[in-house]
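Containing compact mmCIF, C-alpha atoms and all ligand atoms: entry26.txt.
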```
# COMPACT_ATOMS: atom_id res chain seq x y z
CA LYS A 203 0.00 0.00 0.00
CA PRO A 204 1.28 3.53 -0.78
CA GLU A 205 1.02 4.74 2.84
CA GLU A 206 2.95 1.74 4.11
CA LEU A 207 5.72 2.27 1.58
CA ASP A 208 5.84 5.92 2.50
CA ALA A 209 6.19 5.03 6.19
CA ARG A 210 8.91 2.43 5.43
CA ILE A 211 10.93 4.99 3.47
CA ARG A 212 10.59 7.57 6.25
CA ALA A 213 11.59 5.04 8.92
CA ALA A 214 14.66 3.85 6.99
CA LYS A 215 15.69 7.45 6.27
CA ALA A 216 15.40 8.32 9.95
CA LYS A 217 17.56 5.31 10.92
CA LEU A 218 20.24 6.23 8.38
CA GLY A 219 20.26 9.90 9.40
CA LYS A 220 23.17 11.84 7.90
CA ARG A 221 24.77 8.65 6.54
CA ALA A 222 22.55 8.81 3.44
CA ILE A 223 21.44 11.68 1.26
CA ILE A 224 18.72 11.34 -1.38
CA LEU A 225 19.04 13.42 -4.55
CA GLY A 226 15.92 13.72 -6.73
CA HIS A 227 15.69 14.93 -10.32
CA HIS A 228 12.67 17.10 -11.19
CA TYR A 229 11.24 14.31 -13.38
CA GLN A 230 10.79 11.93 -10.48
CA ARG A 231 7.26 10.85 -9.65
CA GLU A 232 5.68 12.56 -6.65
CA GLU A 233 5.78 9.49 -4.34
CA VAL A 234 9.58 9.43 -4.71
CA TYR A 235 10.26 13.16 -5.15
CA ARG A 236 8.85 14.00 -1.72
CA HIS A 237 11.55 11.88 -0.04
CA ALA A 238 14.49 13.60 -1.72
CA ASP A 239 16.64 15.86 0.47
CA ILE A 240 17.77 17.89 -2.54
CA HIS A 241 15.90 18.48 -5.80
CA GLY A 242 17.36 19.87 -8.97
CA ASP A 243 18.20 19.69 -12.64
CA SER A 244 21.24 17.77 -13.80
CA LEU A 245 23.67 20.67 -13.28
CA MET A 246 22.47 21.38 -9.76
CA LEU A 247 22.49 17.74 -8.79
CA SER A 248 26.05 17.27 -10.14
CA ARG A 249 27.22 20.18 -8.01
CA GLU A 250 25.38 18.78 -5.00
CA ALA A 251 26.82 15.32 -5.53
CA ALA A 252 30.31 16.86 -5.39
CA ARG A 253 29.57 18.66 -2.08
CA GLN A 254 28.00 15.89 -0.01
CA ASP A 255 29.57 14.34 3.08
CA ALA A 256 27.14 11.42 3.37
CA GLU A 257 28.43 7.86 3.12
CA TYR A 258 25.66 6.97 0.64
CA ILE A 259 24.35 9.12 -2.21
CA VAL A 260 21.02 7.61 -3.28
CA PHE A 261 20.25 9.03 -6.71
CA CYS A 262 16.60 9.15 -7.71
CA GLY A 263 17.23 9.88 -11.36
CA VAL A 264 18.79 7.91 -14.21
CA HIS A 265 21.99 5.91 -14.64
CA PHE A 266 24.27 8.63 -16.02
CA MET A 267 23.37 10.86 -13.05
CA ALA A 268 24.41 8.21 -10.52
CA GLU A 269 27.65 7.77 -12.51
CA VAL A 270 28.33 11.50 -12.25
CA ALA A 271 27.72 11.31 -8.50
CA ASP A 272 30.24 8.47 -8.25
CA ILE A 273 32.82 10.38 -10.31
CA LEU A 274 32.47 13.67 -8.42
CA SER A 275 32.16 12.30 -4.89
CA ARG A 276 35.05 11.09 -2.73
CA PRO A 277 36.31 7.53 -3.35
CA GLU A 278 34.89 6.18 -0.08
CA GLN A 279 31.38 7.50 -0.81
CA ILE A 280 28.92 5.15 -2.44
CA SER A 281 26.56 6.15 -5.25
CA ILE A 282 23.35 4.16 -5.53
CA LEU A 283 20.66 3.98 -8.24
CA PRO A 284 17.50 2.41 -6.73
CA ASP A 285 16.61 0.61 -10.00
CA LEU A 286 19.47 -0.36 -12.28
CA ALA A 287 17.11 -0.39 -15.27
CA ALA A 288 16.64 3.39 -15.02
CA GLY A 289 18.71 4.40 -18.05
CA CYS A 290 18.28 7.22 -20.56
CA SER A 291 17.37 6.26 -24.11
CA MET A 292 19.06 9.39 -25.46
CA ALA A 293 22.31 8.60 -23.65
CA ASP A 294 22.25 5.17 -25.29
CA MET A 295 22.23 6.77 -28.76
CA ALA A 296 25.95 7.48 -28.56
CA ASP A 297 28.40 4.82 -27.45
CA ILE A 298 32.16 4.89 -27.22
CA VAL A 299 32.67 2.58 -30.21
CA LYS A 300 30.69 4.90 -32.48
CA VAL A 301 32.24 8.07 -31.10
CA GLU A 302 35.78 6.72 -31.53
CA ARG A 303 34.89 5.65 -35.06
CA ALA A 304 33.57 9.14 -35.79
CA TRP A 305 36.83 10.62 -34.47
CA ARG A 306 38.88 8.30 -36.73
CA GLU A 307 36.68 9.14 -39.72
CA LEU A 308 37.04 12.87 -39.04
CA ALA A 309 40.80 12.32 -39.08
CA GLN A 310 40.50 11.38 -42.77
CA VAL A 311 39.35 14.94 -43.48
CA LEU A 312 40.96 17.13 -40.82
CA ASP A 313 42.97 16.94 -37.61
CA PRO A 314 40.26 16.48 -34.97
CA ASP A 315 42.58 16.93 -31.97
CA GLU A 316 43.60 20.33 -33.38
CA GLN A 317 40.32 21.43 -34.95
CA VAL A 318 37.38 19.80 -33.14
CA THR A 319 36.29 20.06 -29.50
CA PRO A 320 34.18 17.08 -28.45
CA VAL A 321 31.27 18.25 -26.27
CA THR A 322 29.10 15.66 -24.60
CA TYR A 323 25.74 16.39 -23.04
CA ILE A 324 25.76 15.13 -19.45
CA ASN A 325 23.11 12.61 -20.64
CA SER A 326 25.84 10.19 -21.73
CA ALA A 327 27.81 7.25 -20.39
CA ALA A 328 30.93 7.87 -18.31
CA ASP A 329 33.24 6.52 -21.03
CA LEU A 330 32.06 9.30 -23.38
CA LYS A 331 32.84 11.88 -20.73
CA ALA A 332 36.26 10.21 -20.39
CA PHE A 333 36.69 10.49 -24.17
CA CYS A 334 36.05 14.24 -23.89
CA GLY A 335 38.46 14.52 -20.97
CA GLU A 336 41.16 12.84 -23.05
CA HIS A 337 40.58 14.84 -26.24
CA GLY A 338 40.41 18.38 -24.83
CA GLY A 339 36.62 18.28 -24.61
CA ILE A 340 34.01 19.08 -22.03
CA VAL A 341 30.60 18.12 -20.65
CA CYS A 342 27.52 20.38 -20.78
CA THR A 343 24.01 20.30 -19.36
CA SER A 344 20.87 21.90 -20.69
CA SER A 345 21.42 24.90 -18.44
CA ASN A 346 24.98 25.76 -19.46
CA ALA A 347 25.26 24.52 -23.07
CA GLN A 348 25.79 28.00 -24.56
CA LYS A 349 28.57 28.91 -22.15
CA ILE A 350 30.20 25.56 -22.75
CA LEU A 351 30.05 26.03 -26.53
CA GLN A 352 31.69 29.43 -26.13
CA TRP A 353 34.46 27.74 -24.18
CA ALA A 354 34.79 25.07 -26.88
CA PHE A 355 34.90 27.54 -29.79
CA ALA A 356 37.48 29.66 -28.02
CA ARG A 357 39.81 26.65 -28.28
CA ARG A 358 39.10 24.97 -31.59
CA GLU A 359 37.18 26.02 -34.70
CA LYS A 360 34.66 23.14 -34.69
CA VAL A 361 32.56 21.18 -32.21
CA LEU A 362 31.38 17.57 -32.32
CA PHE A 363 28.28 17.62 -30.11
CA PHE A 364 26.72 14.37 -28.83
CA PRO A 365 24.31 12.71 -28.22
CA ASP A 366 21.48 15.31 -28.53
CA GLU A 367 21.16 16.92 -31.94
CA HIS A 368 18.44 19.31 -30.71
CA LEU A 369 20.22 20.74 -27.69
CA GLY A 370 23.28 21.23 -29.87
CA ARG A 371 21.38 23.00 -32.64
CA TRP A 372 19.42 25.28 -30.32
CA SER A 373 22.46 26.24 -28.23
CA GLY A 374 24.57 26.89 -31.34
CA HIS A 375 21.78 28.99 -32.83
CA GLN A 376 21.58 31.03 -29.61
CA LEU A 377 25.29 31.72 -29.97
CA GLY A 378 24.72 33.04 -33.48
CA ILE A 379 26.02 30.10 -35.48
CA PRO A 380 24.05 29.92 -38.76
CA LEU A 381 22.09 26.71 -39.34
CA GLU A 382 23.98 26.23 -42.64
CA GLU A 383 27.15 25.83 -40.60
CA MET A 384 25.69 22.88 -38.69
CA ALA A 385 25.63 19.35 -40.08
CA VAL A 386 24.01 16.23 -38.67
CA TRP A 387 26.40 13.33 -38.10
CA ASP A 388 24.62 10.00 -38.58
CA PRO A 389 26.76 7.49 -36.66
CA ASP A 390 25.40 4.58 -38.68
CA LEU A 391 26.70 5.90 -42.00
CA PRO A 392 30.30 6.15 -43.24
CA LEU A 393 31.67 9.66 -42.56
CA GLY A 394 28.44 10.38 -40.70
CA GLY A 395 26.60 10.48 -44.04
CA LEU A 396 28.42 13.72 -44.93
CA THR A 397 30.73 14.70 -47.76
CA GLU A 398 34.27 15.89 -47.01
CA ALA A 399 33.24 19.38 -48.10
CA GLN A 400 30.28 19.37 -45.69
CA ILE A 401 32.58 18.37 -42.84
CA ARG A 402 35.10 21.09 -43.72
CA ASN A 403 32.36 23.73 -43.92
CA ALA A 404 30.54 22.77 -40.72
CA ARG A 405 31.30 24.54 -37.46
CA MET A 406 29.06 22.16 -35.52
CA LEU A 407 28.69 18.45 -36.16
CA LEU A 408 25.51 17.36 -34.41
CA TRP A 409 25.20 13.71 -33.46
CA LYS A 410 21.92 12.25 -34.68
CA GLY A 411 20.34 11.60 -31.27
CA PHE A 412 17.20 12.75 -29.53
CA CYS A 413 15.02 12.40 -26.46
CA SER A 414 12.01 10.21 -27.09
CA VAL A 415 9.95 12.29 -24.64
CA HIS A 416 10.74 15.76 -26.01
CA GLN A 417 10.46 14.72 -29.64
CA MET A 418 6.71 14.32 -29.06
CA PHE A 419 6.18 18.07 -28.78
CA GLN A 420 5.15 19.64 -32.09
CA PRO A 421 4.87 23.22 -33.40
CA ALA A 422 1.19 22.43 -34.17
CA HIS A 423 0.56 21.95 -30.42
CA ILE A 424 1.87 25.46 -29.78
CA GLU A 425 -0.07 27.00 -32.68
CA ARG A 426 -3.38 25.48 -31.52
CA TRP A 427 -2.82 26.57 -27.93
CA ARG A 428 -1.81 30.11 -28.89
CA ALA A 429 -4.96 30.44 -30.99
CA ALA A 430 -7.05 29.58 -27.92
CA HIS A 431 -4.88 31.53 -25.41
CA PRO A 432 -3.19 34.45 -27.19
CA GLU A 433 -2.23 35.99 -23.83
CA GLY A 434 -0.39 32.83 -22.66
CA PHE A 435 3.31 31.98 -22.52
CA VAL A 436 5.09 28.95 -23.95
CA ILE A 437 8.17 27.47 -22.28
CA SER A 438 10.14 24.44 -23.49
CA HIS A 439 13.13 22.31 -22.65
CA PRO A 440 15.93 22.60 -25.26
CA GLU A 441 15.77 18.86 -26.00
CA SER A 442 12.63 19.76 -27.96
CA SER A 443 12.91 20.26 -31.73
CA PHE A 444 14.32 23.49 -33.15
CA GLU A 445 10.89 24.61 -34.38
CA VAL A 446 9.30 24.05 -30.96
CA CYS A 447 12.11 26.02 -29.28
CA ARG A 448 11.85 28.79 -31.88
CA GLN A 449 8.11 29.15 -31.28
CA SER A 450 8.49 29.19 -27.48
CA ASP A 451 8.72 32.39 -25.43
CA HIS A 452 11.30 30.81 -23.13
CA VAL A 453 13.63 27.83 -23.50
CA GLY A 454 15.64 26.32 -20.66
CA SER A 455 16.45 23.47 -18.31
CA THR A 456 14.00 21.91 -15.88
CA GLU A 457 15.25 24.19 -13.10
CA TYR A 458 14.84 27.23 -15.36
CA ILE A 459 11.30 26.22 -16.29
CA ILE A 460 10.29 25.85 -12.65
CA LYS A 461 11.92 29.12 -11.57
CA THR A 462 10.44 31.09 -14.47
CA ILE A 463 6.88 29.95 -13.83
CA LYS A 464 7.16 30.37 -10.06
CA ALA A 465 8.44 33.94 -10.56
CA ALA A 466 5.72 34.82 -13.11
CA ALA A 467 2.82 37.14 -12.34
CA PRO A 468 -0.24 35.63 -10.67
CA GLY A 469 -3.00 34.73 -13.09
CA THR A 470 -0.68 33.93 -16.02
CA ARG A 471 -1.20 30.89 -18.24
CA TRP A 472 1.63 28.59 -19.40
CA LEU A 473 2.13 25.85 -21.94
CA VAL A 474 5.09 23.66 -20.96
CA GLY A 475 7.15 21.36 -23.19
CA THR A 476 8.89 19.00 -20.82
CA GLU A 477 8.26 15.81 -18.89
CA LEU A 478 4.77 15.20 -17.48
CA ASN A 479 5.63 14.54 -13.81
CA LEU A 480 7.36 17.90 -13.57
CA VAL A 481 4.49 19.70 -15.32
CA ASN A 482 1.80 18.12 -13.12
CA ARG A 483 3.69 18.94 -9.92
CA LEU A 484 4.31 22.52 -11.01
CA ALA A 485 0.66 22.99 -12.01
CA GLU A 486 -0.39 21.95 -8.48
CA GLU A 487 2.20 24.18 -6.81
CA VAL A 488 1.22 27.40 -8.60
CA LYS A 489 -2.53 26.99 -8.91
CA ALA A 490 -3.18 28.83 -5.63
CA GLU A 491 -1.74 31.95 -7.31
CA GLY A 492 -4.23 31.56 -10.13
CA LYS A 493 -1.54 30.41 -12.58
CA VAL A 494 -2.55 27.79 -15.08
CA VAL A 495 0.13 25.35 -16.28
CA GLU A 496 -0.68 23.04 -19.17
CA PHE A 497 1.20 20.21 -20.81
CA MET A 498 2.23 20.70 -24.43
CA SER A 499 1.29 17.37 -25.95
CA PRO A 500 -2.15 15.77 -26.10
CA MET A 501 -0.29 12.44 -25.62
CA VAL A 502 1.06 11.29 -22.27
CA CYS A 503 4.84 11.95 -22.53
CA MET A 504 6.53 10.59 -19.46
CA CYS A 505 10.12 9.57 -19.12
CA SER A 506 9.55 5.86 -18.61
CA THR A 507 13.04 5.28 -17.25
CA MET A 508 12.84 8.09 -14.67
CA PHE A 509 9.52 6.48 -13.71
CA ARG A 510 11.27 3.21 -12.92
CA ILE A 511 12.45 4.68 -9.63
CA ASP A 512 9.42 3.82 -7.56
CA PRO A 513 8.70 3.77 -3.81
CA GLU A 514 9.25 -0.02 -3.69
CA HIS A 515 12.80 0.29 -5.01
CA LEU A 516 13.56 3.28 -2.82
CA ALA A 517 12.30 1.50 0.32
CA TRP A 518 14.29 -1.65 -0.56
CA THR A 519 17.46 0.35 -1.21
CA LEU A 520 17.27 2.29 2.07
CA GLU A 521 16.25 -0.72 4.18
CA SER A 522 19.18 -2.68 2.73
CA LEU A 523 21.53 0.09 3.83
CA VAL A 524 20.01 0.02 7.32
CA GLU A 525 20.77 -3.72 7.40
CA GLY A 526 24.35 -3.03 6.30
CA ARG A 527 23.95 -4.27 2.71
CA VAL A 528 24.74 -2.00 -0.23
CA VAL A 529 22.54 -2.71 -3.25
CA ASN A 530 22.67 -1.22 -6.75
CA GLN A 531 25.97 0.56 -6.30
CA ILE A 532 27.14 2.47 -9.39
CA THR A 533 30.90 2.36 -9.81
CA VAL A 534 32.85 3.92 -12.65
CA PRO A 535 36.27 2.25 -13.16
CA ALA A 536 39.04 4.46 -11.70
CA GLU A 537 40.91 5.28 -14.91
CA GLU A 538 37.70 6.16 -16.77
CA ALA A 539 36.44 8.17 -13.79
CA ALA A 540 39.65 10.22 -13.64
CA LEU A 541 39.35 11.24 -17.31
CA ALA A 542 35.60 11.84 -17.06
CA LYS A 543 36.25 14.04 -14.05
CA VAL A 544 38.57 16.21 -16.15
CA ALA A 545 35.70 16.93 -18.58
CA LEU A 546 33.15 17.41 -15.77
CA GLN A 547 35.47 19.69 -13.81
CA ARG A 548 36.02 21.84 -16.92
CA MET A 549 32.24 22.21 -17.07
CA LEU A 550 31.89 23.08 -13.38
CA ASP A 551 34.70 25.63 -13.67
CA VAL A 552 33.14 27.28 -16.74
CA SER A 553 29.58 27.44 -15.42
P1 LIG A 601 17.90 18.98 -17.02
O1 LIG A 601 19.31 19.37 -17.39
O2 LIG A 601 16.97 20.11 -17.26
O3 LIG A 601 17.85 18.40 -15.67
O4 LIG A 601 17.42 17.87 -18.04
C1 LIG A 601 17.84 16.56 -17.96
C2 LIG A 601 17.04 15.69 -18.82
O5 LIG A 601 17.26 14.51 -18.90
C3 LIG A 601 15.97 16.30 -19.59
O6 LIG A 601 15.34 15.35 -20.35
FE1 LIG A 602 16.76 10.79 -21.09
FE2 LIG A 602 14.71 12.03 -22.29
FE3 LIG A 602 14.33 10.73 -19.98
FE4 LIG A 602 15.72 13.03 -20.04
S1 LIG A 602 13.55 12.73 -20.52
S2 LIG A 602 16.29 11.16 -18.94
S3 LIG A 602 16.79 12.80 -22.02
S4 LIG A 602 14.95 9.81 -21.98
```
Represent the structure of the file as structure tokens.
Ligand code: 13P
Ligand code: SF4
Amino acid sequence: KPEELDARIRAAKAKLGKRAIILGHHYQREEVYRHADIHGDSLMLSREAARQDAEYIVFCGVHFMAEVADILSRPEQISILPDLAAGCSMADMADIVKVERAWRELAQVLDPDEQVTPVTYINSAADLKAFCGEHGGIVCTSSNAQKILQWAFARREKVLFFPDEHLGRWSGHQLGIPLEEMAVWDPDLPLGGLTEAQIRNARMLLWKGFCSVHQMFQPAHIERWRAAHPEGFVISHPESSFEVCRQSDHVGSTEYIIKTIKAAAPGTRWLVGTELNLVNRLAEEVKAEGKVVEFMSPMVCMCSTMFRIDPEHLAWTLESLVEGRVVNQITVPAEEAALAKVALQRMLDVS
């Protein structure tokens, strides 16, 4: 029963005290979110993971987030993901074999280590972050992507951005890079499906990857809503398509979306293009001020992997710790972690 699970989680948390800290991403379902000690977007939670003193960092989020917590925390701290099946389908769209192949293929046309900065979205496996650490690259999140691109372009003339094509395109556009100077790299085709001339001309090579949740939002959803609510505001996450971002009044990370709507005038109406759990929670939180928050898609777009972290898994994880058993520990091999930390630290220093 939900109340029993809730009570079990509270009891285990109380027994663990300061030995465990629970971090919760904004996309977590309410029954889990309420137990988190710290909430945030991926940038905030990375910073928090690096500052914690607790023995156990229980990450209610997805796999790459728990990896980041392991990399940025001290060696004796333990990072835990309550359900090991909580991955990120976008992160899985770039793997180290394909990225290394892309780097070798680029070397047929130019000198990538002189001319291309690899930039990985934090939604990626630790070995890709390590690749960036090794090749003069950097990590970004949805809240600092523009600053990170500025850093990257100050060093080398081109950027290979993976795994999210949309975040790359939108952030590059915001920096003033013309769309004609961006090319999509399809990792399943030789030379990314590009000609040598296209590679030479491109300033940004955008990995062909996307978020299955944010790709559901369509410009037509915005147009229909604006016709019915011309006074309303549209706000989207930059993993949405370029057209959706272009038609939005505001674009930003989950933290930015929450802050913007909470700071808005009472009585305003909002259409939000990001994950459903966040939107529903926010709608509840601001309704007392007469603000109306609506979800962009007529379809239910939830992040099914974030949803895997449920109260059952959280209770089991915490109760195991109380009994002295560590379950679902996420460990990044030391050598890989050291290189990944280089790329993550560059990001933390820049943002
Ligand atoms: P944030 O950087 O806004 O936390 O986004 C992470 C994410 O996975 C969005 O889909
Ligand atoms: Fe990954 Fe998309 Fe889920 Fe974010 S919403 S964790 S990018 S699948």
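Of note, CA of Trp372 in chain A and CA of Met508 in chain A are spaced 24.2 Å apart.
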> If we count all atoms listed in the file, what is near Leu523 in chain A at a cut-off of 10 Å, once residues fewer than 4 positions away on the same chain are taken out, given as an MDAnalysis selection string?
Replying inline: chainID A and resid 214:215 217:218 221:222 258 517:519 527:529
Kindly list the centre and edge lengths in Å, rounded to one decimal, for the axis-aligned box that covers all listed atoms of ligand LIG 601 (chain A) plus 8 Å on each of its six sides, as AutoDock Vina command-line options.
```
--center_x 17.3 --center_y 17.3 --center_z -18.0 --size_x 20.0 --size_y 21.6 --size_z 20.7
```
Shell of 9 Å around ligand LIG 602 (chain A) (all atoms listed in the file), written as a PDB file with C-alpha atoms, keeping the file's coordinate frame:
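Saved file result-v1.pdb follows:
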```
ATOM      1  CA  TYR A 229      11.240  14.310 -13.380  1.00  0.00           C
ATOM      2  CA  GLY A 263      17.230   9.880 -11.360  1.00  0.00           C
ATOM      3  CA  VAL A 264      18.790   7.910 -14.210  1.00  0.00           C
ATOM      4  CA  HIS A 265      21.990   5.910 -14.640  1.00  0.00           C
ATOM      5  CA  PHE A 266      24.270   8.630 -16.020  1.00  0.00           C
ATOM      6  CA  ALA A 288      16.640   3.390 -15.020  1.00  0.00           C
ATOM      7  CA  GLY A 289      18.710   4.400 -18.050  1.00  0.00           C
ATOM      8  CA  CYS A 290      18.280   7.220 -20.560  1.00  0.00           C
ATOM      9  CA  SER A 291      17.370   6.260 -24.110  1.00  0.00           C
ATOM     10  CA  MET A 292      19.060   9.390 -25.460  1.00  0.00           C
ATOM     11  CA  ALA A 293      22.310   8.600 -23.650  1.00  0.00           C
ATOM     12  CA  ASP A 294      22.250   5.170 -25.290  1.00  0.00           C
ATOM     13  CA  ASN A 325      23.110  12.610 -20.640  1.00  0.00           C
ATOM     14  CA  ASP A 366      21.480  15.310 -28.530  1.00  0.00           C
ATOM     15  CA  PHE A 412      17.200  12.750 -29.530  1.00  0.00           C
ATOM     16  CA  CYS A 413      15.020  12.400 -26.460  1.00  0.00           C
ATOM     17  CA  SER A 414      12.010  10.210 -27.090  1.00  0.00           C
ATOM     18  CA  VAL A 415       9.950  12.290 -24.640  1.00  0.00           C
ATOM     19  CA  HIS A 416      10.740  15.760 -26.010  1.00  0.00           C
ATOM     20  CA  GLN A 417      10.460  14.720 -29.640  1.00  0.00           C
ATOM     21  CA  GLU A 441      15.770  18.860 -26.000  1.00  0.00           C
ATOM     22  CA  THR A 476       8.890  19.000 -20.820  1.00  0.00           C
ATOM     23  CA  GLU A 477       8.260  15.810 -18.890  1.00  0.00           C
ATOM     24  CA  CYS A 503       4.840  11.950 -22.530  1.00  0.00           C
ATOM     25  CA  MET A 504       6.530  10.590 -19.460  1.00  0.00           C
ATOM     26  CA  CYS A 505      10.120   9.570 -19.120  1.00  0.00           C
ATOM     27  CA  SER A 506       9.550   5.860 -18.610  1.00  0.00           C
ATOM     28  CA  THR A 507      13.040   5.280 -17.250  1.00  0.00           C
ATOM     29  CA  MET A 508      12.840   8.090 -14.670  1.00  0.00           C
ATOM     30  CA  PHE A 509       9.520   6.480 -13.710  1.00  0.00           C
TER      31      PHE A 509
END
```
>> With 9 Å as the threshold, what does the neighbourhood of (15.0, 14.9, -1.6) contain in terms of residues, counting only C-alpha atoms? Coordinates are those of the file; answer as a list in words.
In response: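 Using only C-alpha atoms, the matching residues come out as Ile223, Ile224, Leu225, Gly226, His227, Val234, Tyr235, Arg236, His237, Ala238, Asp239, Ile240, His241 and Cys262 of chain A.
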> Suppose you want the space between CA of Ser281 in chain A and CA of Leu330 in chain A; what is it in Å?
Replying inline: 19.2 Å
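Using all atoms listed in the file, the set of residues no farther than 8 Å from the position (25.1, 6.3, -6.6) comprises Tyr258, Ile259, Val260, Phe261, Ala268, Glu269, Ala271, Asp272, Ile280, Ser281, Ile282, Leu283, Asn530, Gln531, Ile532 and Thr533 of chain A.
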Could you take the residues named above and write them with C-alpha atoms, as a tab-separated table (two decimals), in the frame of the given file?
```
chain	number	residue	atom	x	y	z
A	258	TYR	CA	25.66	6.97	0.64
A	259	ILE	CA	24.35	9.12	-2.21
A	260	VAL	CA	21.02	7.61	-3.28
A	261	PHE	CA	20.25	9.03	-6.71
A	268	ALA	CA	24.41	8.21	-10.52
A	269	GLU	CA	27.65	7.77	-12.51
A	271	ALA	CA	27.72	11.31	-8.50
A	272	ASP	CA	30.24	8.47	-8.25
A	280	ILE	CA	28.92	5.15	-2.44
A	281	SER	CA	26.56	6.15	-5.25
A	282	ILE	CA	23.35	4.16	-5.53
A	283	LEU	CA	20.66	3.98	-8.24
A	530	ASN	CA	22.67	-1.22	-6.75
A	531	GLN	CA	25.97	0.56	-6.30
A	532	ILE	CA	27.14	2.47	-9.39
A	533	THR	CA	30.90	2.36	-9.81
```
> Near Cys334 in chain A, within 6 Å and counting only C-alpha atoms, which residues show up once chain neighbours fewer than 3 positions away are dropped, as a VMD selection string?
Replying inline: chain A and resid 320 331 337 339 to 340 545
> Given a cut-off of 7 Å, what residues near ligand LIG 601 (chain A) show up using only C-alpha atoms and all ligand atoms, put as a list in words?
Replying inline: His227, His228, Gly242, Asp243, Ser244, Leu245, Asn325, Thr343, Ser344, Ser345, Cys413, His439, Glu441, Ser455, Thr456 and Glu457 of chain A
>> Need to verify the contact set: Trp305 in chain A, 9 Å, all atoms listed in the file, exclusion of same-chain residues closer than 4 positions in sequence. Can you return it as a list in words?
In response: Lys300, Val301, Ala309, Pro314 and Asp315 of chain A
Generate a file of the selected residues that holds C-alpha atoms, formatted as an mmCIF file, keeping the file's coordinate frame.
```
data_model
loop_
_atom_site.group_PDB
_atom_site.id
_atom_site.type_symbol
_atom_site.label_atom_id
_atom_site.label_comp_id
_atom_site.auth_asym_id
_atom_site.auth_seq_id
_atom_site.Cartn_x
_atom_site.Cartn_y
_atom_site.Cartn_z
ATOM 1 C CA LYS A 300 30.690 4.900 -32.480
ATOM 2 C CA VAL A 301 32.240 8.070 -31.100
ATOM 3 C CA ALA A 309 40.800 12.320 -39.080
ATOM 4 C CA PRO A 314 40.260 16.480 -34.970
ATOM 5 C CA ASP A 315 42.580 16.930 -31.970
#
```
>> With all atoms listed in the file as the counted atoms, please give the residues lying no more than 9 Å from Ala347 in chain A, apart from itself and same-chain residues fewer than 2 positions off, as a PyMOL selection string.
In response: chain A and resi 323+341-345+349-352+369-370+373-374
>> One number please: CA of Gly469 in chain A to CA of Val481 in chain A, in Å, one decimal.
In response: 16.9 Å
> Near Ile463 in chain A, within 10 Å and counting all atoms listed in the file, which residues show up once chain neighbours fewer than 2 positions away are dropped, as a VMD selection string?
Replying inline: chain A and resid 435 437 458 to 461 465 to 468 470 to 472 474 484 to 485 488 493 to 495
> Using all atoms listed in the file, which of A:Met295, A:Glu433, A:Ala542, A:Pro440 sits nearest Gln348 in chain A?
Replying inline: A:Pro440
